[in-house]
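What follows is protein14.tsv (TSV, C-alpha atoms).
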chain	number	residue	atom	x	y	z
A	270	MET	CA	41.05	-4.26	19.33
A	271	ILE	CA	37.48	-3.70	20.50
A	272	LEU	CA	34.49	-4.63	18.40
A	273	ASP	CA	31.22	-5.17	20.12
A	274	ASN	CA	29.69	-8.63	19.96
A	275	LYS	CA	26.61	-7.62	17.96
A	276	LYS	CA	27.77	-8.58	14.51
A	277	ARG	CA	26.12	-9.79	11.33
A	278	THR	CA	27.80	-11.28	8.26
A	279	TYR	CA	26.20	-10.89	4.84
A	280	ALA	CA	28.34	-11.35	1.73
A	281	SER	CA	31.01	-13.77	0.66
A	282	GLY	CA	32.87	-14.93	-2.42
A	283	SER	CA	34.60	-13.59	-5.54
A	284	ASN	CA	38.13	-12.44	-6.07
A	285	SER	CA	39.17	-8.83	-6.36
A	286	PRO	CA	42.57	-7.20	-6.93
A	287	GLN	CA	42.70	-6.62	-3.16
A	288	GLY	CA	42.08	-10.27	-2.38
A	289	ASN	CA	39.15	-12.61	-2.00
A	290	ILE	CA	36.28	-10.94	-0.13
A	291	THR	CA	35.16	-13.46	2.44
A	292	GLY	CA	32.50	-11.40	4.17
A	293	VAL	CA	30.94	-8.12	5.20
A	294	LYS	CA	30.27	-7.83	8.91
A	295	PHE	CA	28.33	-5.24	10.87
A	296	TYR	CA	28.94	-3.93	14.39
A	297	ASP	CA	27.25	-1.31	16.50
A	298	THR	CA	30.59	0.20	17.58
A	299	ALA	CA	34.33	0.00	17.00
A	300	GLU	CA	37.40	1.93	18.10
A	301	ASP	CA	37.33	5.26	16.28
A	302	GLU	CA	40.90	5.00	14.97
A	303	ARG	CA	39.99	1.77	13.12
A	304	LEU	CA	37.33	3.54	11.00
A	305	LYS	CA	39.07	4.25	7.69
A	306	TYR	CA	36.08	4.86	5.40
A	307	ALA	CA	32.63	6.37	5.33
A	308	VAL	CA	29.92	5.08	2.97
A	309	ILE	CA	26.61	6.85	2.66
A	310	ILE	CA	23.47	5.04	1.48
A	311	SER	CA	21.50	7.89	-0.03
A	312	ARG	CA	18.00	8.63	-1.23
A	313	SER	CA	16.42	11.69	-2.81
A	314	LYS	CA	12.69	12.14	-3.30
A	315	GLY	CA	12.10	8.39	-3.02
A	316	LYS	CA	14.92	7.35	-5.36
A	317	TRP	CA	18.33	5.78	-4.71
A	318	VAL	CA	21.33	8.05	-5.28
A	319	PHE	CA	24.38	6.47	-6.93
A	320	CYS	CA	27.62	7.86	-8.34
A	321	LYS	CA	29.33	7.06	-11.62
A	322	HIS	CA	33.10	7.57	-11.37
A	323	ARG	CA	34.78	9.11	-14.44
A	324	GLU	CA	37.08	6.10	-14.86
A	325	ARG	CA	34.48	3.33	-14.39
A	326	SER	CA	31.31	2.17	-16.11
A	327	THR	CA	29.72	0.97	-12.86
A	328	LEU	CA	27.69	2.64	-10.12
A	329	GLU	CA	28.57	3.03	-6.46
A	330	CYS	CA	27.33	4.55	-3.24
A	331	PRO	CA	28.93	7.85	-2.23
A	332	GLY	CA	31.80	7.44	0.18
A	333	GLY	CA	35.52	7.43	0.61
A	334	HIS	CA	38.65	7.48	2.73
A	335	ARG	CA	38.96	9.34	6.00
A	336	GLU	CA	41.62	12.05	5.95
A	337	LYS	CA	44.25	12.42	8.67
A	338	ASN	CA	42.81	13.97	11.87
A	339	GLU	CA	39.30	14.05	10.36
A	340	ALA	CA	36.28	12.98	12.40
A	341	ILE	CA	34.47	10.12	10.68
A	342	GLU	CA	31.25	12.17	10.63
A	343	ASP	CA	33.11	14.92	8.78
A	344	THR	CA	34.36	12.32	6.27
A	345	ALA	CA	30.77	11.29	5.57
A	346	VAL	CA	29.55	14.86	5.08
A	347	ARG	CA	32.56	15.79	2.93
A	348	GLU	CA	32.24	12.72	0.71
A	349	LEU	CA	28.47	13.18	0.31
A	350	LYS	CA	28.95	16.79	-0.79
A	351	GLU	CA	31.93	16.06	-3.06
A	352	GLU	CA	30.50	13.00	-4.76
A	353	THR	CA	26.83	13.94	-5.11
A	354	GLY	CA	26.84	17.72	-4.94
A	355	ALA	CA	24.39	17.52	-2.05
A	356	ILE	CA	23.52	20.95	-0.64
A	357	GLU	CA	20.55	20.36	1.66
A	358	PHE	CA	20.42	16.95	3.31
A	359	SER	CA	20.04	15.04	6.55
A	360	ILE	CA	22.56	12.37	7.46
A	361	ARG	CA	22.78	9.89	10.32
A	362	PRO	CA	25.08	7.05	11.34
A	363	VAL	CA	23.82	3.49	10.87
A	364	CYS	CA	26.59	1.19	12.10
A	365	VAL	CA	30.18	0.06	11.60
A	366	TYR	CA	30.87	-2.22	8.64
A	367	CYS	CA	33.85	-4.49	8.14
A	368	VAL	CA	35.02	-5.92	4.83
A	369	VAL	CA	37.03	-9.10	5.32
A	370	ARG	CA	39.49	-10.07	2.59
A	371	GLU	CA	41.83	-13.00	2.32
A	372	TYR	CA	45.06	-12.28	0.48
A	373	GLN	CA	48.07	-14.58	0.31
A	374	ASN	CA	46.63	-16.77	3.09
A	375	GLU	CA	46.17	-13.81	5.47
A	376	LYS	CA	42.92	-12.14	6.52
A	377	GLU	CA	42.64	-8.39	6.42
A	378	GLU	CA	39.77	-6.38	7.88
A	379	SER	CA	38.87	-2.89	6.70
A	380	LEU	CA	36.43	-0.98	8.89
A	381	GLY	CA	34.27	1.96	7.99
A	382	MET	CA	31.20	3.79	9.22
A	383	LEU	CA	27.93	3.36	7.35
A	384	TYR	CA	25.58	6.34	7.09
A	385	PHE	CA	22.16	7.03	5.64
A	386	ALA	CA	21.33	10.36	3.98
A	387	GLU	CA	18.19	11.91	2.59
A	388	ILE	CA	19.18	14.56	0.01
A	389	ASP	CA	16.81	17.46	-0.71
A	390	THR	CA	18.86	19.58	-3.14
A	391	PHE	CA	21.95	19.13	-5.34
A	392	GLU	CA	24.48	21.49	-6.90
A	393	GLU	CA	24.11	22.03	-10.64
A	394	GLU	CA	27.63	20.75	-11.35
A	395	LEU	CA	29.97	18.21	-9.71
A	396	HIS	CA	33.58	19.11	-8.88
A	397	SER	CA	35.16	15.73	-8.17
A	398	GLU	CA	36.20	12.43	-9.74
A	399	ILE	CA	32.51	11.63	-10.11
A	400	GLU	CA	31.20	12.03	-13.67
A	401	LYS	CA	27.53	12.10	-12.71
A	402	ILE	CA	24.98	11.05	-10.14
A	403	VAL	CA	22.22	8.67	-11.06
A	404	LEU	CA	18.81	8.55	-9.36
A	405	LEU	CA	17.14	5.14	-9.62
A	406	GLU	CA	13.82	3.65	-8.55
A	407	GLY	CA	15.50	0.29	-7.91
A	408	LEU	CA	19.01	-0.96	-7.25
A	409	PRO	CA	21.56	-1.14	-10.07
A	410	LYS	CA	22.85	-4.34	-11.62
A	411	ASN	CA	26.26	-2.87	-12.48
A	412	TRP	CA	27.82	-2.28	-9.03
A	413	THR	CA	31.42	-1.15	-8.61
A	414	TYR	CA	31.63	-3.28	-5.44
A	415	PRO	CA	28.99	-6.00	-5.94
A	416	LEU	CA	29.88	-8.01	-2.82
A	417	ILE	CA	29.95	-5.00	-0.52
A	418	GLN	CA	27.43	-2.31	-1.45
A	419	PRO	CA	24.29	-4.47	-1.72
A	420	ALA	CA	25.10	-5.85	1.76
A	421	LEU	CA	25.38	-2.29	3.10
A	422	ILE	CA	21.95	-1.41	1.70
A	423	GLU	CA	20.46	-4.60	3.15
A	424	GLU	CA	21.82	-3.67	6.58
A	425	VAL	CA	20.22	-0.21	6.38
A	426	LYS	CA	16.93	-1.90	5.44
A	427	ARG	CA	17.32	-4.48	8.24
A	428	ARG	CA	17.74	-1.66	10.73
A	429	ARG	CA	14.54	-0.11	9.33
A	430	LEU	CA	16.10	3.17	8.36
A	431	LEU	CA	14.50	3.13	4.90
Show the structure stored in the file as structure tokens.
Amino acid sequence: MILDNKKRTYASGSNSPQGNITGVKFYDTAEDERLKYAVIISRSKGKWVFCKHRERSTLECPGGHREKNEAIEDTAVRELKEETGAIEFSIRPVCVYCVVREYQNEKEESLGMLYFAEIDTFEEELHSEIEKIVLLEGLPKNWTYPLIQPALIEEVKRRRLL
């Protein structure tokens, strides 16, 4: 396992069905095969872009699982298009993120790539599990992943990409 030594840890606490989240770490690089997810912090015309899943009442950043043999950059673009209906946009990598969970006295790390996107235009209709997109001036209070997503946004801000 190779993770570079430039890491930051932001969040901790709270139980989830997948275990107790004990932290969110950030790295500049990681082995490509360890990157399982892509999350895209998104803005459009000065507002935050969030997704509302059909089966949840909370908001989340666009993102999702990497498919077999898919480049992580392609995952990010695919998820952004599927979940927001983005047509014209710019997207760039930010860093690797790592969610650390403790479950049954064992630690598990899930790594993903964090991206930032500026969306210019959207499709009229969504064709995914997402019910709607929501554009906000500020950050939501009703996060789907409250210990993860705010930390991701803070890291984008810390790296001065906003």
Shell around region 357-371 of chain A at 8 Å using all atoms listed in the file, local window under 4 positions removed, as a PyMOL selection string: chain A and resi 287-299+304+346+375-391+417+421+425+428
Point out the residue among A:Glu400, A:Cys330, A:Glu406, A:Lys426 with the least atom-to-atom distance to Lys314 (chain A), counting all atoms listed in the file. A:Glu406
Near region 351-356 of chain A, counting only C-alpha atoms, which residues have an atom at most 10 Å away, once you skip same-chain residues fewer than 6 positions from it, shown as number ranges by chain? A: 311, 313, 318-322, 330-333, 345, 386-403
Length of the CA of Glu302 (chain A) to CA of Asn338 (chain A) vector [Å]: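 Interatomic distance here is 9.7 Å.
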So which one's closest to Ala420 (chain A), A:Gln373, A:Ile310, A:Leu349, A:Glu339? Using all atoms listed in the file, please. A:Ile310
Separation of CA of Glu329 (chain A) from CA of Thr413 (chain A), in Å and rounded to one decimal: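 Separating CA of Glu329 (chain A) from CA of Thr413 (chain A) is a distance of 5.5 Å.
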Straight-line distance linking CA of Arg347 (chain A) with CA of Tyr414 (chain A), stated in Å to one decimal: 20.8 Å
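The residue that comes closest to Trp317 (chain A), out of A:Gly407, A:Asn374, A:Leu416, A:Ile341 and on the basis of all atoms listed in the file, is A:Gly407.
Residue nearest Asn411 (chain A), chosen from A:Gly315, A:Arg325, A:Leu430, A:Arg303 and counting only C-alpha atoms: A:Arg325.
Across A:Glu336, A:Glu348, A:Glu324, A:Asp343, the tightest approach to Ile309 (chain A) is made by A:Glu348 when counting all atoms listed in the file.
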Identify which of the residues A:Ala340, A:Leu404, A:Ile422, A:Leu431 lies closest to Ala307 (chain A), counting all atoms listed in the file when measuring atom-to-atom distances.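 The closest residue to Ala307 (chain A) is A:Ala340.
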